[in-house]
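Right, one structure below, let's go through it.
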Amino acid sequence: MDNFNDLENVKAYLLERLKSASSFDDISKVKSEFLGKKGFLGKLTSDIAKVPAERRKEYGIRLNLLKKDIEDQISTYEKKFEKDLSKLEYSDFYRSLPGKKPSVGHLNIITQAIEEIVEVFAPLGFNRVRYPELDREYFVFDALNMPENHPARDEWETFFIDCPRDEKLGRLVITPHTSSGQVREMLKGNLPIRMLNISRCGRRQIDISHVPSFYQFEGLVVDENVSTANLIGVLDYFAKKFFGPDRKTRLRPYHFRFTEPSFEVDIDCGICHGKGCKLCKKGWLELGGSGMVHPSVLKAGGIDPEKYTGFAFGWGVERTFMMKSGTKIDDIRYLFSNDLRFLEQF
Amino acid sequence: MNVPIPYSWLKDYIKTNASTEEVAEALSLHSFNVEDIKKIDNDDIFEVEVTPNRGDALSILGVARELKAVLPIRGFKCEWVQKEKTDIEKINAVDKIEVVIEDKTLVPRFSAIVMDNVKFGESPKLIKERLEKVGIRPLGNVIDVTNYMMMDKGQPMHVFDYEKIVGGKMIVRESKEGEVITTLDGVTRKLPAGVIVIEDGGGRLIDLCGIMGAKNSEVDENTKKILLFVQVYDPVRIRKASMVLGHRTEAALRFEKGIDYEGVIPALWESVKMIKKLTGAVVSSELIDIVNFSRNPKEINVDVEKINKIAGREIEPEKIFSYLSALGFEKSKDKDNFVVVPSWRYDDIKIPEDIAEEVIRLYGYYNLPAKLLEGQIPVVETNKIFYWEKTARYFLKYNGFFECYTYSATTKDKAGEGALKITNPLNEEMTYLKTSLLPQLLDVLDKNQSYSDKIKVFEIASVYLRSGINEEDKIPSQPVNLGIVTHGVDYLDLKGTIESLFEIMGLNSSDVSGSFSYEIRDFGNENLGVEINFESLAKMANKLKSYTPLTNFNSIKEDLTFEVPDNVLYPQIEKTIRETDERIFKLSFKDVFKNYLTFSIEYLDKEKQISSEDTQEIRKKIFEELEKIGVRLKVL
């Protein structure tokens with residue numbers, strides 16, 4: 001009978017042990033004590049030899065039930081302590097500490113601005129290109145309907161490079177605008193054109209709103225039946241995507257030699273929307289120039305102006321980005337200062 | 001060019017019910033931007049930004065003409081105030097002037113008249129006030145009249161003291177190199193060749209034409225007789241001279257933008273009338289009016305279809321012609337749908353597109369609809385460098401690098417050997433175009449020393465190489481480079497960053513080493529730098545990754561440490577091990593300590609499960625091969 005008593009005792013002992021356990025670890029110890037290779041259950045199984053033959057069957061059944069019982073009990077307690085599994089290594093204090101960040105740097109906001117601009121125009125089918133920063137006067141001026149000695153050339157504050165003048169193409173200059181890419185793009189010979197040229201330019205000026213190196217983005221569309229209304233459509237789309245869905249643009253008359261008609265593009269003030277307020281005075285802020293491509297420019301690009309029309313706009317990347325509310329940058333020179341305390345804010 | 005336009009002065013020409021702000025808005029939306037409105041003594045002064053093609057509008061008259069066309073479109077009344085006609089009196093011509101024009105292209109129209117009995121003195125209050133409002137200092141009645149007329153009509157003019165013109169003779173000619181003239185401002189100027197000047201009968205230069213008169217013939221309090229002088233000069237010569245001499249006067253700025261040929265004589269007579277009224281002078285010579293040009297009226301086609309195509313909206317022909325008529329374009333008498341360009345717009349309006357601009361701006365750009373593009377989207381291949389630039393930028397950013405943008409130009413030292421020079425630099429710091437990104441990036445480290453012990457910066461930008469001027473374009477090679485500079489970063493960490501970037505770009509070391517090399521340079525003081533021709537790199541880069549079939553067999557991994565003699569370099573060891581057996585699946589550098597080099601090796605047989613006997617055999621071969629170059633397993 002002793003053997004049968006042992007079965008009962010083992011169960012009572014198990015419950016006692018489980019009740020006194022205080023962690024998942026304790027349960028694991030209990031588990032191996034009872035179910036492990038040299039545990040109680042193993043011993044009871046080998047004890048079967050000592051049981052009288054006629055009761056061995058009953059003993060076996062009882063043993064199996066006990067085993068199942070033990071497993072259930074242990075599993076219940078395991079679940080109870082499962083949450084503590086993690087507590088073992090990570091204390092509440094440890095979890096309250098700030099995380100260790102991987103070392104992450106910063107992209108200059110010029111890059112961020114360019115990316116945003118590209119993203120706005122890409123769905124409209126504008127293909128990004130880049131044209132040389134140093135180019136000949138022909139592409140910068142002559143091809144754009146600004147012949148030699150024309151006063152319009154003055155406005156561009158151009159840097160000239162000490163390099164032999166070419167008889168046909170003129171002097172080497174730092175392109176003062178991205179429009180020098182217009183005729184280059186046309187000469188590729190692919191029509192229609194939807195170009196987005198983002199390139200570095202240079203002008204002889206430096207103050208809080210000008211730097212001698214800067215980026216411009218230039219849109220050029222050439223196709224049959226392109227109108228001023230299309231230009232307004234595209235600029236409005238840009239304004240809404242880039243500045244906000246409630247913004248709108250307007251065109252005012254202006255003059256550029258390479259567009260006819262020429263426009264200046266305004267965007268309504270984000271605060272008063274064109275009514276005029278303390279911040280903007282007139283309700284509108286100047287974005288930049290644009291126009292319908294001049295027939296002479298189309299001709300220079302090998303395109304028939306009777307069949308094709310086009311529009312173009314070219315603005316400063318930095319300036320446009322700074323006009324976006326929220327950046328609060330009051331001096332464009334910061335963008336080229338490479339002060340890490342400035343860069344880390346973006 | 002900005003011109004100040006007092007509202008009170010405009011009222012000499014137009015009568016309107018529009019307020020100051022309404023006038024400014026009408027001008028801004030249809031003609032010229034009004035940049036500012038200043039208040040002086042109860043008057044509003046419009047600061048009008050006249051575009052360079054519109055020399056005709058650099059005056060009160062010019063702006064008034066625009067307003068007459070534009071205000072009615074905005075719903076305001078605008079009447080033209082008729083000025084009393086200037087009667088041309090009978091002249092008692094006693095004084096003469098002999099004019100010699102050596103080259104007719106110098107002065108398309110030359111007009112002058114002599115007036116006697118001039119009493120030099122102050123101008124009346126109204127004239128002085130008006131001049132001051134537009135920023136001109138009153139200098140005495142006859143001089144003030146010339147300045148007043150320049151602002152009023154846009155026609156610059158000059159008065160000489162007639163008696164200071166030796167022999168009453170004027171020779172209009174081009175200057176010879178080195179000739180000298182002292183202008184009214186007291187400055188003695190040495191002239192280049194080709195400047196338009198006037199020489200008198202005594203061989204003296206008495207006028208720097210279109211720019212400023214000469215001191216030797218100026219009007220003063222003793223002046224009795226004046227020569228009133230109203231011209232049209234060759235705009236190109238005036239511009240060149242004024243630029244070369246660095247003397248950009250109000251007169252020169254107007255002459256170089258073109259003068260209304262037909263406005264010359266009316267302006268002259270109006271000045272005569274004013275001078276008579278102010279000084280009591282009388283005309284004492286015939287009117288000299290030498291016309292050296294012949295211009296037929298210019299007629300341009302009003303292509304309604306083209307106008308509508310450019311606008312993107314239909315504008316009725318009646319409207320089109322009414323806008324044009326308001327701007328002074330009259331219908332051609334003999335050609336249907338043609339208009340005659342008014343004399344003051346003669347140089348500006350050339351082609352039907354110019355007419356379209358006039359029409360559409362009066363219609364109002366703000367009245368046009370917004371339409372997105374309708375045509376087909378062009379199918380073109382995008383330059384893949386943009387993708388790789390973006391990839392590189394983000395890779396570097398997420399590895400702790402800061403992105404810099406430096407100026408294209410720098411000092412001679414930093415720009416590097418053979419750098420291109422700017423002929424008109426802003427300052428010495430920006431005179432040469434950089435041939436390398438590194439010197440300016442090293443400056444960034446210097447400048448940010450105190451930021452952190454470890455600094456990592458980069459820039460992706462062009463450098464400019466004189467050597468690379470290509471034959472077709474005649475422009476220098478301007479490759480886009482990637483420059484990286486670090487402070488306090490371990491050499492191998494930097495090298496690993498670059499190798500990792502190459503891997504992301506689909507380039508393995510053998511792709512790169514064959515056609516491409518880069519060098520990590522040690523600039524001392526824990527500063528390292530590396531520069532890569534990113535354009536070339538991006539051309540080789542490859543997004544396409546092909547896969548090797550996976551096996552179900554397990555690999556065996558182990559680390560082996562070797563003792564490396566002095567004259568052996570890493571690539572040689574790596575290559576030797578790799579080539580020993582094809583079952584060496586992966587081999588990577590793990591660590592180095594003194595001359596002990598540790599590799600992680602992974603063995604895999606794709607055909608069957610590899611056994612420890614197999615690896616033992618491979619290992620033995622590795623040792624044999626390495627033995628040949630003197631590399632031995634480290635003995636513990």
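Letters A, B, ... go to the chains of the structure tokens in the order shown; residues in each chain start at 1; ligands are counted from 1 in the same order.
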message = Applying 8 Å and only C-alpha atoms, which residues near stretch 428-438 of chain B remain after dropping the ones on its own chain fewer than 3 positions away? List them as a PyMOL selection string.
response = chain B and resi 407-412+414-417+419-423+425+441-442+459+461+463-465+481-485+529-531
How would the residues just picked look written out with N, CA and C atoms as a short mmCIF file (atom, residue, chain, number, x, y, z; two decimals), in the first residue's frame?
data_model
loop_
_atom_site.label_atom_id
_atom_site.label_comp_id
_atom_site.auth_asym_id
_atom_site.auth_seq_id
_atom_site.Cartn_x
_atom_site.Cartn_y
_atom_site.Cartn_z
N TYR B 407 30.38 76.86 -51.10
CA TYR B 407 30.35 77.68 -52.31
C TYR B 407 31.22 77.07 -53.41
N SER B 408 30.89 77.39 -54.65
CA SER B 408 31.65 76.86 -55.79
C SER B 408 33.04 77.47 -55.86
N ALA B 409 33.14 78.72 -55.41
CA ALA B 409 34.43 79.41 -55.51
C ALA B 409 35.07 79.53 -54.14
N THR B 410 36.40 79.53 -54.15
CA THR B 410 37.13 79.63 -52.89
C THR B 410 38.45 80.36 -53.15
N THR B 411 39.37 80.25 -52.21
CA THR B 411 40.66 80.92 -52.38
C THR B 411 41.55 80.10 -53.32
N LYS B 412 42.60 80.70 -53.78
CA LYS B 412 43.51 80.03 -54.70
C LYS B 412 44.08 78.76 -54.06
N LYS B 414 42.89 76.83 -51.71
CA LYS B 414 41.94 75.73 -51.50
C LYS B 414 41.37 75.19 -52.81
N ALA B 415 41.38 76.01 -53.84
CA ALA B 415 40.76 75.58 -55.09
C ALA B 415 41.56 74.46 -55.75
N GLY B 416 42.87 74.45 -55.50
CA GLY B 416 43.68 73.37 -56.05
C GLY B 416 44.40 73.78 -57.33
N GLU B 417 45.29 72.89 -57.74
CA GLU B 417 46.15 73.12 -58.89
C GLU B 417 45.33 73.34 -60.16
N ALA B 419 43.16 75.58 -61.01
CA ALA B 419 41.76 75.97 -60.86
C ALA B 419 41.40 77.13 -61.80
N LEU B 420 40.15 77.13 -62.27
CA LEU B 420 39.65 78.22 -63.10
C LEU B 420 39.42 79.45 -62.22
N LYS B 421 39.70 80.62 -62.82
CA LYS B 421 39.61 81.85 -62.04
C LYS B 421 38.40 82.67 -62.49
N ILE B 422 37.76 83.31 -61.54
CA ILE B 422 36.66 84.22 -61.87
C ILE B 422 37.27 85.58 -62.18
N THR B 423 36.90 86.17 -63.33
CA THR B 423 37.53 87.45 -63.67
C THR B 423 36.94 88.61 -62.89
N PRO B 425 35.46 88.52 -59.49
CA PRO B 425 35.02 87.89 -58.24
C PRO B 425 34.40 88.91 -57.29
N LEU B 441 35.57 71.25 -47.08
CA LEU B 441 34.98 70.38 -46.05
C LEU B 441 35.88 70.30 -44.82
N LEU B 442 37.20 70.35 -45.04
CA LEU B 442 38.12 70.37 -43.90
C LEU B 442 37.92 71.65 -43.09
N GLU B 459 29.63 66.14 -48.80
CA GLU B 459 28.97 67.00 -49.77
C GLU B 459 28.94 66.28 -51.11
N ALA B 461 28.64 67.48 -54.87
CA ALA B 461 28.59 68.69 -55.70
C ALA B 461 29.62 68.59 -56.82
N VAL B 463 32.81 69.64 -59.16
CA VAL B 463 34.10 70.33 -59.15
C VAL B 463 34.36 70.74 -60.60
N TYR B 464 35.29 71.66 -60.80
CA TYR B 464 35.43 72.27 -62.11
C TYR B 464 36.85 72.10 -62.60
N LEU B 465 37.00 71.39 -63.70
CA LEU B 465 38.33 71.01 -64.14
C LEU B 465 38.70 71.68 -65.46
N ASN B 481 31.10 65.14 -57.64
CA ASN B 481 31.91 64.34 -56.72
C ASN B 481 31.19 64.13 -55.39
N LEU B 482 31.61 63.08 -54.71
CA LEU B 482 31.20 62.88 -53.32
C LEU B 482 32.44 63.11 -52.47
N GLY B 483 32.37 64.07 -51.59
CA GLY B 483 33.49 64.33 -50.70
C GLY B 483 33.07 63.97 -49.28
N ILE B 484 33.93 63.23 -48.59
CA ILE B 484 33.63 62.86 -47.21
C ILE B 484 34.82 63.25 -46.35
N VAL B 485 34.53 63.85 -45.21
CA VAL B 485 35.61 64.23 -44.32
C VAL B 485 35.17 63.89 -42.89
N GLY B 529 39.91 62.18 -45.04
CA GLY B 529 39.04 62.63 -46.13
C GLY B 529 39.14 61.72 -47.32
N VAL B 530 38.05 61.65 -48.08
CA VAL B 530 38.06 60.85 -49.28
C VAL B 530 37.14 61.51 -50.30
N GLU B 531 37.55 61.47 -51.55
CA GLU B 531 36.75 62.09 -52.60
C GLU B 531 36.58 61.10 -53.74
#
ask   = Near stretch 30-44 of chain A, counting only C-alpha atoms, which residues have an atom at most 12 Å away, once you skip same-chain residues fewer than 2 positions from it, shown as an MDAnalysis selection string?
value = chainID A and resid 2:11 13:28 46:51 59:60 62:78
How would the residues just chosen look if you wrote them out with N, CA and C atoms as a compact mmCIF listing (two decimals), in the first residue's frame?
# COMPACT_ATOMS: atom_id res chain seq x y z
N ASP A 2 2.07 1.08 0.48
CA ASP A 2 2.97 2.24 0.58
C ASP A 2 3.08 3.01 -0.71
N ASN A 3 3.16 2.17 -1.75
CA ASN A 3 3.35 2.82 -3.05
C ASN A 3 2.19 3.74 -3.41
N PHE A 4 0.96 3.27 -3.11
CA PHE A 4 -0.21 4.10 -3.41
C PHE A 4 -0.21 5.38 -2.58
N ASN A 5 0.23 5.24 -1.36
CA ASN A 5 0.35 6.43 -0.49
C ASN A 5 1.30 7.46 -1.08
N ASP A 6 2.41 6.91 -1.62
CA ASP A 6 3.39 7.82 -2.22
C ASP A 6 2.75 8.69 -3.28
N LEU A 7 1.90 8.09 -4.09
CA LEU A 7 1.25 8.87 -5.16
C LEU A 7 0.52 10.08 -4.57
N GLU A 8 -0.23 9.82 -3.49
CA GLU A 8 -0.98 10.91 -2.85
C GLU A 8 -0.03 11.95 -2.27
N ASN A 9 1.00 11.48 -1.65
CA ASN A 9 1.95 12.40 -1.01
C ASN A 9 2.65 13.30 -2.02
N VAL A 10 2.99 12.63 -3.12
CA VAL A 10 3.68 13.42 -4.15
C VAL A 10 2.82 14.60 -4.60
N LYS A 11 1.53 14.34 -4.78
CA LYS A 11 0.65 15.41 -5.23
C LYS A 11 0.54 16.55 -4.19
N TYR A 13 2.69 17.29 -1.96
CA TYR A 13 3.97 17.99 -1.91
C TYR A 13 4.11 18.98 -3.06
N LEU A 14 3.64 18.51 -4.23
CA LEU A 14 3.69 19.38 -5.41
C LEU A 14 2.96 20.69 -5.15
N LEU A 15 1.72 20.55 -4.65
CA LEU A 15 0.90 21.75 -4.43
C LEU A 15 1.57 22.69 -3.44
N GLU A 16 2.13 22.09 -2.42
CA GLU A 16 2.84 22.89 -1.41
C GLU A 16 4.00 23.67 -2.04
N ARG A 17 4.76 22.92 -2.84
CA ARG A 17 5.91 23.56 -3.51
C ARG A 17 5.48 24.68 -4.47
N LEU A 18 4.45 24.36 -5.22
CA LEU A 18 4.00 25.37 -6.18
C LEU A 18 3.52 26.63 -5.49
N LYS A 19 2.78 26.45 -4.39
CA LYS A 19 2.25 27.62 -3.67
C LYS A 19 3.37 28.51 -3.14
N SER A 20 4.46 27.89 -2.77
CA SER A 20 5.54 28.70 -2.19
C SER A 20 6.46 29.30 -3.26
N ALA A 21 6.23 28.90 -4.52
CA ALA A 21 7.09 29.45 -5.59
C ALA A 21 6.83 30.95 -5.77
N SER A 22 7.90 31.72 -6.06
CA SER A 22 7.69 33.17 -6.21
C SER A 22 8.16 33.68 -7.56
N SER A 23 8.66 32.79 -8.42
CA SER A 23 9.08 33.26 -9.74
C SER A 23 9.02 32.11 -10.74
N PHE A 24 9.19 32.50 -11.99
CA PHE A 24 9.19 31.50 -13.05
C PHE A 24 10.33 30.52 -12.83
N ASP A 25 11.41 31.03 -12.34
CA ASP A 25 12.57 30.19 -12.04
C ASP A 25 12.23 29.10 -11.03
N ASP A 26 11.53 29.51 -9.98
CA ASP A 26 11.15 28.55 -8.94
C ASP A 26 10.31 27.44 -9.55
N ILE A 27 9.39 27.84 -10.46
CA ILE A 27 8.52 26.85 -11.09
C ILE A 27 9.35 25.88 -11.91
N SER A 28 10.35 26.44 -12.61
CA SER A 28 11.22 25.58 -13.42
C SER A 28 11.92 24.55 -12.54
N SER A 46 9.49 3.75 -11.75
CA SER A 46 10.32 2.56 -11.55
C SER A 46 9.84 1.72 -10.36
N ASP A 47 9.08 2.36 -9.45
CA ASP A 47 8.55 1.64 -8.29
C ASP A 47 7.50 0.61 -8.66
N ILE A 48 7.04 0.66 -9.88
CA ILE A 48 5.96 -0.22 -10.30
C ILE A 48 6.33 -1.70 -10.08
N ALA A 49 7.65 -1.96 -10.14
CA ALA A 49 8.10 -3.33 -9.93
C ALA A 49 7.76 -3.85 -8.54
N LYS A 50 7.71 -2.89 -7.60
CA LYS A 50 7.46 -3.31 -6.21
C LYS A 50 5.98 -3.55 -5.94
N VAL A 51 5.15 -3.08 -6.87
CA VAL A 51 3.71 -3.22 -6.66
C VAL A 51 3.30 -4.66 -6.96
N TYR A 59 -2.23 0.73 -10.50
CA TYR A 59 -1.12 1.65 -10.20
C TYR A 59 -0.75 2.47 -11.43
N GLY A 60 -0.68 1.73 -12.54
CA GLY A 60 -0.32 2.41 -13.82
C GLY A 60 -1.31 3.52 -14.15
N ARG A 62 -3.34 5.14 -12.17
CA ARG A 62 -3.22 6.22 -11.18
C ARG A 62 -1.98 7.09 -11.48
N LEU A 63 -0.92 6.39 -11.87
CA LEU A 63 0.33 7.10 -12.16
C LEU A 63 0.14 8.07 -13.34
N ASN A 64 -0.53 7.55 -14.36
CA ASN A 64 -0.77 8.40 -15.54
C ASN A 64 -1.61 9.62 -15.20
N LEU A 65 -2.66 9.38 -14.41
CA LEU A 65 -3.51 10.50 -14.01
C LEU A 65 -2.68 11.54 -13.25
N LEU A 66 -1.83 11.01 -12.36
CA LEU A 66 -1.01 11.91 -11.55
C LEU A 66 -0.08 12.75 -12.46
N LYS A 67 0.48 12.05 -13.42
CA LYS A 67 1.40 12.76 -14.32
C LYS A 67 0.68 13.92 -15.01
N LYS A 68 -0.50 13.61 -15.52
CA LYS A 68 -1.29 14.63 -16.20
C LYS A 68 -1.61 15.79 -15.25
N ASP A 69 -1.97 15.41 -14.03
CA ASP A 69 -2.31 16.39 -13.01
C ASP A 69 -1.12 17.32 -12.73
N ILE A 70 0.04 16.68 -12.55
CA ILE A 70 1.25 17.47 -12.27
C ILE A 70 1.53 18.46 -13.41
N GLU A 71 1.46 17.92 -14.62
CA GLU A 71 1.74 18.79 -15.78
C GLU A 71 0.78 19.98 -15.82
N ASP A 72 -0.50 19.69 -15.58
CA ASP A 72 -1.50 20.78 -15.58
C ASP A 72 -1.19 21.82 -14.51
N GLN A 73 -0.92 21.32 -13.34
CA GLN A 73 -0.65 22.24 -12.23
C GLN A 73 0.56 23.13 -12.55
N ILE A 74 1.61 22.47 -13.03
CA ILE A 74 2.83 23.23 -13.32
C ILE A 74 2.57 24.26 -14.41
N SER A 75 1.87 23.82 -15.44
CA SER A 75 1.60 24.73 -16.56
C SER A 75 0.79 25.95 -16.09
N THR A 76 -0.19 25.70 -15.20
CA THR A 76 -0.97 26.81 -14.66
C THR A 76 -0.07 27.82 -13.96
N TYR A 77 0.82 27.29 -13.13
CA TYR A 77 1.72 28.19 -12.41
C TYR A 77 2.71 28.88 -13.33
N GLU A 78 3.15 28.14 -14.37
CA GLU A 78 4.07 28.75 -15.34
C GLU A 78 3.42 29.99 -15.94
Rows by chain and residue number, chain A within 6 Å of chain B, shortest pair, only C-alpha atoms, as JSON lines:
{"residue": "A:Ser103", "atom": "CA", "partner": "B:Gly400", "partner_atom": "CA", "distance": 4.7}
{"residue": "A:Val104", "atom": "CA", "partner": "B:Gly400", "partner_atom": "CA", "distance": 4.0}
{"residue": "A:Gly105", "atom": "CA", "partner": "B:Gly400", "partner_atom": "CA", "distance": 3.9}
{"residue": "A:His106", "atom": "CA", "partner": "B:Phe402", "partner_atom": "CA", "distance": 4.7}
{"residue": "A:Leu107", "atom": "CA", "partner": "B:Glu403", "partner_atom": "CA", "distance": 4.9}
{"residue": "A:Asn108", "atom": "CA", "partner": "B:Glu403", "partner_atom": "CA", "distance": 5.3}
{"residue": "A:Gly125", "atom": "CA", "partner": "B:Ile377", "partner_atom": "CA", "distance": 5.5}
{"residue": "A:Asp135", "atom": "CA", "partner": "B:Ile475", "partner_atom": "CA", "distance": 6.0}
{"residue": "A:Phe160", "atom": "CA", "partner": "B:Thr423", "partner_atom": "CA", "distance": 5.5}
{"residue": "A:Ile161", "atom": "CA", "partner": "B:Ile422", "partner_atom": "CA", "distance": 4.5}
{"residue": "A:Asp162", "atom": "CA", "partner": "B:Lys421", "partner_atom": "CA", "distance": 5.3}
{"residue": "A:Pro192", "atom": "CA", "partner": "B:Pro378", "partner_atom": "CA", "distance": 5.9}
{"residue": "A:Ser213", "atom": "CA", "partner": "B:Tyr407", "partner_atom": "CA", "distance": 5.6}
{"residue": "A:Ser227", "atom": "CA", "partner": "B:Ile310", "partner_atom": "CA", "distance": 4.7}
{"residue": "A:Thr228", "atom": "CA", "partner": "B:Ala311", "partner_atom": "CA", "distance": 5.0}
{"residue": "A:Ala229", "atom": "CA", "partner": "B:Gly312", "partner_atom": "CA", "distance": 5.0}
{"residue": "A:Asn230", "atom": "CA", "partner": "B:Lys371", "partner_atom": "CA", "distance": 4.7}
{"residue": "A:Ile232", "atom": "CA", "partner": "B:Ala370", "partner_atom": "CA", "distance": 5.0}
{"residue": "A:Gly233", "atom": "CA", "partner": "B:Ala370", "partner_atom": "CA", "distance": 4.0}
{"residue": "A:Val234", "atom": "CA", "partner": "B:Leu372", "partner_atom": "CA", "distance": 5.6}
{"residue": "A:Arg250", "atom": "CA", "partner": "B:Tyr366", "partner_atom": "CA", "distance": 6.0}
{"residue": "A:Leu251", "atom": "CA", "partner": "B:Tyr365", "partner_atom": "CA", "distance": 5.8}
{"residue": "A:Arg252", "atom": "CA", "partner": "B:Leu29", "partner_atom": "CA", "distance": 5.2}
{"residue": "A:Pro253", "atom": "CA", "partner": "B:Ser31", "partner_atom": "CA", "distance": 6.0}
{"residue": "A:His255", "atom": "CA", "partner": "B:Thr51", "partner_atom": "CA", "distance": 5.9}
{"residue": "A:Pro261", "atom": "CA", "partner": "B:Glu357", "partner_atom": "CA", "distance": 4.7}
{"residue": "A:Phe336", "atom": "CA", "partner": "B:Tyr405", "partner_atom": "CA", "distance": 5.5}
{"residue": "A:Asn338", "atom": "CA", "partner": "B:Cys404", "partner_atom": "CA", "distance": 5.6}
key: Which of stretch 93-331 of chain A fall in alpha helix (DSSP H), as an NGL selection string   = :A and (93-96 or 109-121 or 137-140 or 180-187 or 228-242 or 295-300 or 317-323)
request  = Step one, run DSSP on the backbone; step two, keep only residues of stretch 280-449 of chain B assigned to strand (DSSP E or B); then write them as a VMD selection string.
outcome  = chain B and resid 282 to 283 285 288 to 291 299 to 301 330 to 331 338 to 340 402 to 403 409 to 410 421 to 422 432 to 433
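Every protein, DNA or RNA residue with an atom at most 6 Å from A:Gly288, where only C-alpha atoms count and chain neighbours fewer than 2 positions away do not, is listed here: Glu264, Val265, Glu286 and Trp315 of chain A.
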A:Ile271 surroundings by only C-alpha atoms, 10 Å radius, close-in-sequence under 6 positions cut, as an MDAnalysis selection string = chainID A and resid 247 277:280 283 325
key: For atom CA of A:Val129 and atom CA of A:Arg204, the interatomic separation in Å (one decimal)   = 24.8 Å
Pick out the residues sitting within 10 Å of stretch 110-115 of chain A, and hand them over as a PDB file with C-alpha atoms, in the first residue's frame; count only C-alpha atoms, and ignore anything fewer than 2 positions along from it in its own chain.
ATOM      1  CA  LEU A 107      20.629  66.324 -44.692  1.00  0.00           C
ATOM      2  CA  ASN A 108      20.934  69.959 -45.625  1.00  0.00           C
ATOM      3  CA  ILE A 117      10.071  69.964 -55.510  1.00  0.00           C
ATOM      4  CA  VAL A 118      10.896  66.854 -57.522  1.00  0.00           C
ATOM      5  CA  GLU A 119       8.096  64.974 -55.796  1.00  0.00           C
ATOM      6  CA  VAL A 120       5.547  67.653 -56.639  1.00  0.00           C
ATOM      7  CA  ILE A 198      17.522  71.687 -60.929  1.00  0.00           C
ATOM      8  CA  SER A 199      21.041  73.041 -61.045  1.00  0.00           C
ATOM      9  CA  PHE A 214      22.486  78.825 -55.106  1.00  0.00           C
ATOM     10  CA  TYR A 215      20.108  76.367 -56.700  1.00  0.00           C
ATOM     11  CA  GLN A 216      17.305  77.057 -59.125  1.00  0.00           C
ATOM     12  CA  PHE A 217      14.560  74.844 -60.425  1.00  0.00           C
ATOM     13  CA  PHE A 242       4.164  72.597 -51.873  1.00  0.00           C
ATOM     14  CA  VAL A 317      15.169  76.571 -54.536  1.00  0.00           C
ATOM     15  CA  GLU A 318      16.310  78.065 -51.248  1.00  0.00           C
ATOM     16  CA  ARG A 319      14.132  81.144 -51.508  1.00  0.00           C
ATOM     17  CA  THR A 320      11.044  79.143 -52.375  1.00  0.00           C
ATOM     18  CA  PHE A 321      11.667  76.753 -49.503  1.00  0.00           C
ATOM     19  CA  MET A 322      12.248  79.606 -47.077  1.00  0.00           C
ATOM     20  CA  LEU A 335      22.283  77.356 -45.714  1.00  0.00           C
ATOM     21  CA  PHE A 336      25.885  77.561 -46.842  1.00  0.00           C
ATOM     22  CA  PHE A 346      16.790  69.785 -39.943  1.00  0.00           C
TER      23      PHE A 346
ATOM     24  CA  LYS B 390      19.562  60.155 -53.004  1.00  0.00           C
ATOM     25  CA  ARG B 393      22.732  60.849 -49.096  1.00  0.00           C
ATOM     26  CA  GLU B 403      25.411  67.081 -45.321  1.00  0.00           C
ATOM     27  CA  CYS B 404      27.203  70.310 -46.271  1.00  0.00           C
ATOM     28  CA  TYR B 405      26.868  72.716 -49.146  1.00  0.00           C
TER      29      TYR B 405
END
ask   = Near B:Glu250, counting only C-alpha atoms, which residues have an atom at most 9 Å away, once you skip same-chain residues fewer than 4 positions from it, shown as an MDAnalysis selection string?
value = chainID B and resid 150 156 211 254:255
Could the residues in this selection be saved with N, CA and C atoms as a JSON list (two decimals), in the first residue's frame?
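Result file out-v2.json:
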[["chain", "number", "residue", "atom", "x", "y", "z"],
["B", 150, "MET", "N", 12.66, 115.63, -68.41],
["B", 150, "MET", "CA", 13.10, 114.23, -68.45],
["B", 150, "MET", "C", 12.13, 113.36, -67.64],
["B", 156, "PRO", "N", 15.51, 112.91, -71.94],
["B", 156, "PRO", "CA", 16.60, 113.65, -71.30],
["B", 156, "PRO", "C", 17.01, 114.82, -72.20],
["B", 211, "ILE", "N", 25.21, 111.28, -71.39],
["B", 211, "ILE", "CA", 25.58, 110.87, -70.03],
["B", 211, "ILE", "C", 25.62, 112.11, -69.13],
["B", 254, "ARG", "N", 18.01, 106.27, -69.51],
["B", 254, "ARG", "CA", 16.88, 106.44, -70.41],
["B", 254, "ARG", "C", 17.30, 106.31, -71.87],
["B", 255, "PHE", "N", 18.42, 106.96, -72.21],
["B", 255, "PHE", "CA", 18.88, 106.88, -73.60],
["B", 255, "PHE", "C", 19.12, 105.44, -74.04]]
